[in-house]
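K.L.:
Let me begin by handing over the structure; questions about it come next.
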Number of protein chains: 2
Amino acid sequence: MVLPVRKNKSPNTPHECPLSQCMAILGGAWTPNVLWYLSGGPRRFSELQIDIPPVSAKVLTTRLRDLESKGVVSRNVKPTSPPSVEYALTDLGQELIPVIEAIVEVGHKIKLRTE
Amino acid sequence: MVLPVRKNKSPNTPHECPLSQCMAILGGAWTPNVLWYLSGGPRRFSELQIDIPPVSAKVLTTRLRDLESKGVVSRNVKPTSPPSVEYALTDLGQELIPVIEAIVEVGHKIKLRTE
DNA sequence: TTATAAGGTTTCCGATTGGTAACCTAAAGT
DNA sequence: ACTTTAGGTTACCAATCGGAAACCTTATAA
């Protein structure tokens, strides 16, 4: 007795995979963390380093540049001395907040299970 | 004029980072896709391969094993010949659905912007 | 005049990923 | 006798990732 493969599509068939679209943004190391901290308001480079101690300067720079090029984060150089740079979520970035919140919420539930 | 670093914590301070907890689950390649298709009901190995054509057998196996060990997915071998194996979301896995849905929704919005 | 600050960049390197392709088992169909 | 099927496993390989540490600039403060 051989089970036939159900050739029908799964009920959930994304149209050209929005999942991958979005995960391309969230994918890199520390990306969700950066977005989370920025969701609390604009934040400077050195402040993000304090918020997320394990992130290296190299990776933090890379992430912020990536997010900027994707239109998720804005970069604002203030004419102080030495110049300070403030990062903030763009409108598109704001749209990601529900995702981050959902992730955080599940993270809590997972903790409750493992404890 | 030197800007003082705001030493206060960001308003959003996760308590021992549920973000990382959850991202540890969602992190691997194709993981969100697998969860998405499983959210439509139980699905067999070969069916998932059809659902997600670019995933290799090796990676799909790895993902499913990972998810199983994390209690997100259940594995059920049916006594057919050759044996067929059905994967399904556990209760914990169900809790991830809102996250996946949030990701999909943002994916759509991103598409609208880039078009 | 030397140090410090902010916000990086660059180089080097090892670890982790993920892909390809070959292989495996046992039973059932042809 | 041979092939197909389901669900993998294994070995090998190249690319990518991310961490550590050193370095850079320019203006002000000590």
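Here, A, B, ... name the chains of the structure tokens in the order displayed, residue numbers run from 1 inside each chain, and ligands are numbered from 1 in the same displayed order.
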Could you pull the residues within 12 Å of DT4 of chain D, counting only C-alpha atoms (C1' of nucleotides), minus those fewer than 4 positions along the same chain, as a PyMOL selection string?
P.N.:
(chain A and resi 2) or (chain B and resi 82) or (chain C and resi 27-30)
K.L.:
Please return, as a list in words, all residues of chain D lying within 10 Å of chain B when only C-alpha atoms (C1' of nucleotides) are considered.
P.N.:
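Residues of chain D within 10 Å of chain B, counting only C-alpha atoms (C1' of nucleotides): DT5, DA6, DG7, DG8, DT9, DT10, DA27 and DT28 of chain D.
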K.L.:
Can you pull out the residues contacting segment 30-37 of chain A? Cut-off 8 Å, using only C-alpha atoms (C1' of nucleotides), and skip same-chain residues under 2 positions away; I want them as a PDB file with N, CA and C atoms, in the first residue's frame.
P.N.:
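Ended up saving to selection28.pdb:
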ATOM      1  N   ILE A  25      15.197  40.725   5.139  1.00  0.00           N
ATOM      2  CA  ILE A  25      15.480  41.893   5.974  1.00  0.00           C
ATOM      3  C   ILE A  25      15.898  41.481   7.379  1.00  0.00           C
ATOM      4  N   LEU A  26      15.152  40.536   7.939  1.00  0.00           N
ATOM      5  CA  LEU A  26      15.373  40.164   9.344  1.00  0.00           C
ATOM      6  C   LEU A  26      16.529  39.197   9.544  1.00  0.00           C
ATOM      7  N   GLY A  27      17.088  38.702   8.433  1.00  0.00           N
ATOM      8  CA  GLY A  27      17.988  37.564   8.509  1.00  0.00           C
ATOM      9  C   GLY A  27      19.283  37.738   9.273  1.00  0.00           C
ATOM     10  N   GLY A  28      20.007  38.809   9.026  1.00  0.00           N
ATOM     11  CA  GLY A  28      21.347  38.916   9.590  1.00  0.00           C
ATOM     12  C   GLY A  28      21.407  38.880  11.103  1.00  0.00           C
ATOM     13  N   SER A  39      12.831  50.701  17.828  1.00  0.00           N
ATOM     14  CA  SER A  39      11.383  50.918  17.939  1.00  0.00           C
ATOM     15  C   SER A  39      11.059  51.754  19.172  1.00  0.00           C
ATOM     16  N   GLY A  40      12.014  51.895  20.066  1.00  0.00           N
ATOM     17  CA  GLY A  40      11.811  52.746  21.238  1.00  0.00           C
ATOM     18  C   GLY A  40      12.133  54.201  20.953  1.00  0.00           C
ATOM     19  N   GLY A  41      12.528  54.511  19.728  1.00  0.00           N
ATOM     20  CA  GLY A  41      12.894  55.872  19.360  1.00  0.00           C
ATOM     21  C   GLY A  41      14.284  55.901  18.731  1.00  0.00           C
ATOM     22  N   ARG A  43      18.171  56.300  17.969  1.00  0.00           N
ATOM     23  CA  ARG A  43      19.256  55.822  18.822  1.00  0.00           C
ATOM     24  C   ARG A  43      20.567  55.971  18.057  1.00  0.00           C
ATOM     25  N   LEU A  48      23.458  51.936  20.641  1.00  0.00           N
ATOM     26  CA  LEU A  48      23.081  50.577  20.228  1.00  0.00           C
ATOM     27  C   LEU A  48      24.126  49.563  20.685  1.00  0.00           C
ATOM     28  N   ASP A  51      23.218  48.918  24.115  1.00  0.00           N
ATOM     29  CA  ASP A  51      21.983  48.140  24.191  1.00  0.00           C
ATOM     30  C   ASP A  51      22.236  46.658  23.908  1.00  0.00           C
ATOM     31  N   ILE A  52      23.108  46.406  22.946  1.00  0.00           N
ATOM     32  CA  ILE A  52      23.367  45.039  22.490  1.00  0.00           C
ATOM     33  C   ILE A  52      24.850  44.744  22.633  1.00  0.00           C
ATOM     34  N   VAL A  55      27.233  42.554  20.222  1.00  0.00           N
ATOM     35  CA  VAL A  55      27.430  42.856  18.802  1.00  0.00           C
ATOM     36  C   VAL A  55      28.742  43.596  18.596  1.00  0.00           C
ATOM     37  N   LEU A  60      27.578  45.598  13.572  1.00  0.00           N
ATOM     38  CA  LEU A  60      26.565  46.639  13.760  1.00  0.00           C
ATOM     39  C   LEU A  60      26.567  47.602  12.564  1.00  0.00           C
ATOM     40  N   ARG A  63      24.962  45.814   9.600  1.00  0.00           N
ATOM     41  CA  ARG A  63      23.513  45.724   9.743  1.00  0.00           C
ATOM     42  C   ARG A  63      22.833  47.034   9.427  1.00  0.00           C
ATOM     43  N   LEU A  89      13.830  54.339  12.752  1.00  0.00           N
ATOM     44  CA  LEU A  89      13.014  53.553  11.833  1.00  0.00           C
ATOM     45  C   LEU A  89      12.330  54.477  10.826  1.00  0.00           C
ATOM     46  N   GLY A  93      10.145  50.788   8.223  1.00  0.00           N
ATOM     47  CA  GLY A  93      10.660  50.145   9.425  1.00  0.00           C
ATOM     48  C   GLY A  93       9.586  49.985  10.485  1.00  0.00           C
ATOM     49  N   ILE A  97       7.506  46.513  13.192  1.00  0.00           N
ATOM     50  CA  ILE A  97       7.365  46.397  14.646  1.00  0.00           C
ATOM     51  C   ILE A  97       6.429  45.265  15.077  1.00  0.00           C
ATOM     52  N   ILE A 100       8.373  42.076  15.127  1.00  0.00           N
ATOM     53  CA  ILE A 100       9.299  41.991  16.255  1.00  0.00           C
ATOM     54  C   ILE A 100       8.527  41.701  17.534  1.00  0.00           C
TER      55      ILE A 100
ATOM     56  N   SER B  10      17.204  51.772  26.873  1.00  0.00           N
ATOM     57  CA  SER B  10      16.146  51.996  25.896  1.00  0.00           C
ATOM     58  C   SER B  10      14.836  51.574  26.537  1.00  0.00           C
ATOM     59  N   PRO B  11      13.731  52.268  26.200  1.00  0.00           N
ATOM     60  CA  PRO B  11      12.422  51.914  26.772  1.00  0.00           C
ATOM     61  C   PRO B  11      12.083  50.439  26.551  1.00  0.00           C
ATOM     62  N   ASN B  12      12.598  49.890  25.458  1.00  0.00           N
ATOM     63  CA  ASN B  12      12.297  48.484  25.184  1.00  0.00           C
ATOM     64  C   ASN B  12      13.467  47.604  25.591  1.00  0.00           C
ATOM     65  N   THR B  13      13.474  47.163  26.801  1.00  0.00           N
ATOM     66  CA  THR B  13      14.558  46.304  27.249  1.00  0.00           C
ATOM     67  C   THR B  13      14.041  44.889  27.468  1.00  0.00           C
ATOM     68  N   LEU B  19      13.784  37.719  22.201  1.00  0.00           N
ATOM     69  CA  LEU B  19      14.036  37.838  20.762  1.00  0.00           C
ATOM     70  C   LEU B  19      14.983  36.744  20.293  1.00  0.00           C
TER      71      LEU B  19
END
K.L.:
Report the distance between atom CA of Leu92 of chain B and atom CA of Ile110 of chain A in Å, rounded to one decimal place.
P.N.:
7.8 Å
K.L.:
Using DSSP assignments from the backbone, pull out every residue in chain A that falls under helix (DSSP H, G or I) and give it to me as a PyMOL selection string.
P.N.:
chain A and resi 18-26+31-38+45-51+57-69+91-95+97-114
K.L.:
Rank nothing, just name the residue among C:DT1, C:DT20, C:DT25, C:DT11 nearest to DA20 of chain D, using only C-alpha atoms (C1' of nucleotides).
P.N.:
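Of the candidates, the smallest distance to DA20 of chain D is held by C:DT11.
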K.L.:
How many Å separate atom C1' of DA15 of chain D from atom CA of Cys22 of chain B?
P.N.:
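We find that atom C1' of DA15 of chain D and atom CA of Cys22 of chain B lie 26.6 Å from each other.
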K.L.:
Taking only C-alpha atoms (C1' of nucleotides) into account, which residues of chain C are within 8 Å of chain A, as a ChimeraX atom specification?
P.N.:
/C:5-8,28
K.L.:
Could you write out that same residue set with all heavy atoms as a short mmCIF file (atom, residue, chain, number, x, y, z; two decimals), in the first residue's frame?
P.N.:
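So the final result, stored in selection.cif, reads:
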data_model
loop_
_atom_site.label_atom_id
_atom_site.label_comp_id
_atom_site.auth_asym_id
_atom_site.auth_seq_id
_atom_site.Cartn_x
_atom_site.Cartn_y
_atom_site.Cartn_z
P DA C 5 36.68 58.91 26.25
OP1 DA C 5 35.99 58.72 27.53
OP2 DA C 5 37.36 57.76 25.60
"O5'" DA C 5 35.67 59.53 25.22
"C5'" DA C 5 35.23 60.90 25.36
"C4'" DA C 5 34.60 61.30 24.04
"O4'" DA C 5 35.65 61.66 23.12
"C3'" DA C 5 33.83 60.15 23.41
"O3'" DA C 5 32.44 60.44 23.38
"C2'" DA C 5 34.38 60.03 21.99
"C1'" DA C 5 35.33 61.18 21.83
N9 DA C 5 36.58 60.76 21.20
C8 DA C 5 37.37 59.70 21.54
N7 DA C 5 38.43 59.56 20.78
C5 DA C 5 38.32 60.60 19.87
C6 DA C 5 39.12 61.01 18.79
N6 DA C 5 40.25 60.38 18.44
N1 DA C 5 38.72 62.09 18.09
C2 DA C 5 37.59 62.71 18.45
N3 DA C 5 36.75 62.43 19.45
C4 DA C 5 37.19 61.35 20.12
P DA C 6 31.45 59.28 22.93
OP1 DA C 6 30.13 59.66 23.45
OP2 DA C 6 32.04 57.96 23.23
"O5'" DA C 6 31.44 59.46 21.35
"C5'" DA C 6 30.91 60.65 20.80
"C4'" DA C 6 30.77 60.49 19.30
"O4'" DA C 6 32.09 60.45 18.71
"C3'" DA C 6 30.06 59.21 18.88
"O3'" DA C 6 29.08 59.54 17.92
"C2'" DA C 6 31.16 58.32 18.31
"C1'" DA C 6 32.23 59.31 17.89
N9 DA C 6 33.60 58.83 18.08
C8 DA C 6 34.08 58.10 19.13
N7 DA C 6 35.36 57.82 19.05
C5 DA C 6 35.75 58.41 17.85
C6 DA C 6 36.99 58.48 17.19
N6 DA C 6 38.11 57.93 17.67
N1 DA C 6 37.05 59.16 16.02
C2 DA C 6 35.93 59.72 15.55
N3 DA C 6 34.70 59.72 16.09
C4 DA C 6 34.68 59.04 17.25
P DG C 7 28.05 58.49 17.44
OP1 DG C 7 26.89 59.23 16.90
OP2 DG C 7 27.89 57.46 18.48
"O5'" DG C 7 28.84 57.88 16.21
"C5'" DG C 7 29.14 58.73 15.11
"C4'" DG C 7 29.99 57.98 14.14
"O4'" DG C 7 31.29 57.77 14.72
"C3'" DG C 7 29.44 56.57 13.81
"O3'" DG C 7 29.46 56.37 12.41
"C2'" DG C 7 30.43 55.65 14.50
"C1'" DG C 7 31.69 56.48 14.35
N9 DG C 7 32.82 56.05 15.17
C8 DG C 7 32.79 55.49 16.42
N7 DG C 7 33.97 55.17 16.87
C5 DG C 7 34.84 55.55 15.86
C6 DG C 7 36.25 55.45 15.76
O6 DG C 7 37.04 55.00 16.59
N1 DG C 7 36.73 55.95 14.55
C2 DG C 7 35.95 56.48 13.55
N2 DG C 7 36.59 56.92 12.46
N3 DG C 7 34.63 56.58 13.64
C4 DG C 7 34.14 56.09 14.80
P DG C 8 28.46 55.33 11.81
OP1 DG C 8 28.52 55.49 10.36
OP2 DG C 8 27.17 55.44 12.52
"O5'" DG C 8 29.09 53.93 12.25
"C5'" DG C 8 29.92 53.16 11.43
"C4'" DG C 8 31.23 53.83 11.06
"O4'" DG C 8 32.01 54.02 12.24
"C3'" DG C 8 32.07 52.97 10.15
"O3'" DG C 8 31.85 53.33 8.82
"C2'" DG C 8 33.50 53.27 10.54
"C1'" DG C 8 33.38 53.99 11.89
N9 DG C 8 34.07 53.29 12.98
C8 DG C 8 33.51 52.77 14.12
N7 DG C 8 34.38 52.22 14.93
C5 DG C 8 35.59 52.38 14.27
C6 DG C 8 36.90 51.98 14.65
O6 DG C 8 37.25 51.39 15.67
N1 DG C 8 37.84 52.34 13.69
C2 DG C 8 37.57 52.99 12.52
N2 DG C 8 38.61 53.25 11.72
N3 DG C 8 36.37 53.38 12.16
C4 DG C 8 35.42 53.03 13.07
P DA C 28 4.92 -5.36 1.06
OP1 DA C 28 3.92 -5.14 2.13
OP2 DA C 28 5.42 -6.72 0.78
"O5'" DA C 28 4.36 -4.74 -0.29
"C5'" DA C 28 4.39 -3.31 -0.45
"C4'" DA C 28 4.47 -2.95 -1.91
"O4'" DA C 28 5.83 -3.02 -2.37
"C3'" DA C 28 3.66 -3.88 -2.81
"O3'" DA C 28 2.89 -3.08 -3.70
"C2'" DA C 28 4.72 -4.67 -3.57
"C1'" DA C 28 5.87 -3.69 -3.60
N9 DA C 28 7.20 -4.29 -3.70
C8 DA C 28 7.71 -5.31 -2.96
N7 DA C 28 8.95 -5.62 -3.26
C5 DA C 28 9.27 -4.76 -4.28
C6 DA C 28 10.45 -4.58 -5.04
N6 DA C 28 11.55 -5.29 -4.87
N1 DA C 28 10.44 -3.61 -5.98
C2 DA C 28 9.33 -2.88 -6.15
N3 DA C 28 8.17 -2.95 -5.48
C4 DA C 28 8.20 -3.92 -4.56
#
K.L.:
For Val59 of chain B, which residue among C:DT2, C:DA26, C:DG18, C:DT9 is the nearest when counting only C-alpha atoms (C1' of nucleotides)?
P.N.:
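Nearest to Val59 of chain B: C:DG18.
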K.L.:
Atom CA of Pro54 of chain A and atom CA of Pro98 of chain B are how many Å apart?
P.N.:
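Value for the atom CA of Pro54 of chain A-atom CA of Pro98 of chain B distance: 28.3 Å.
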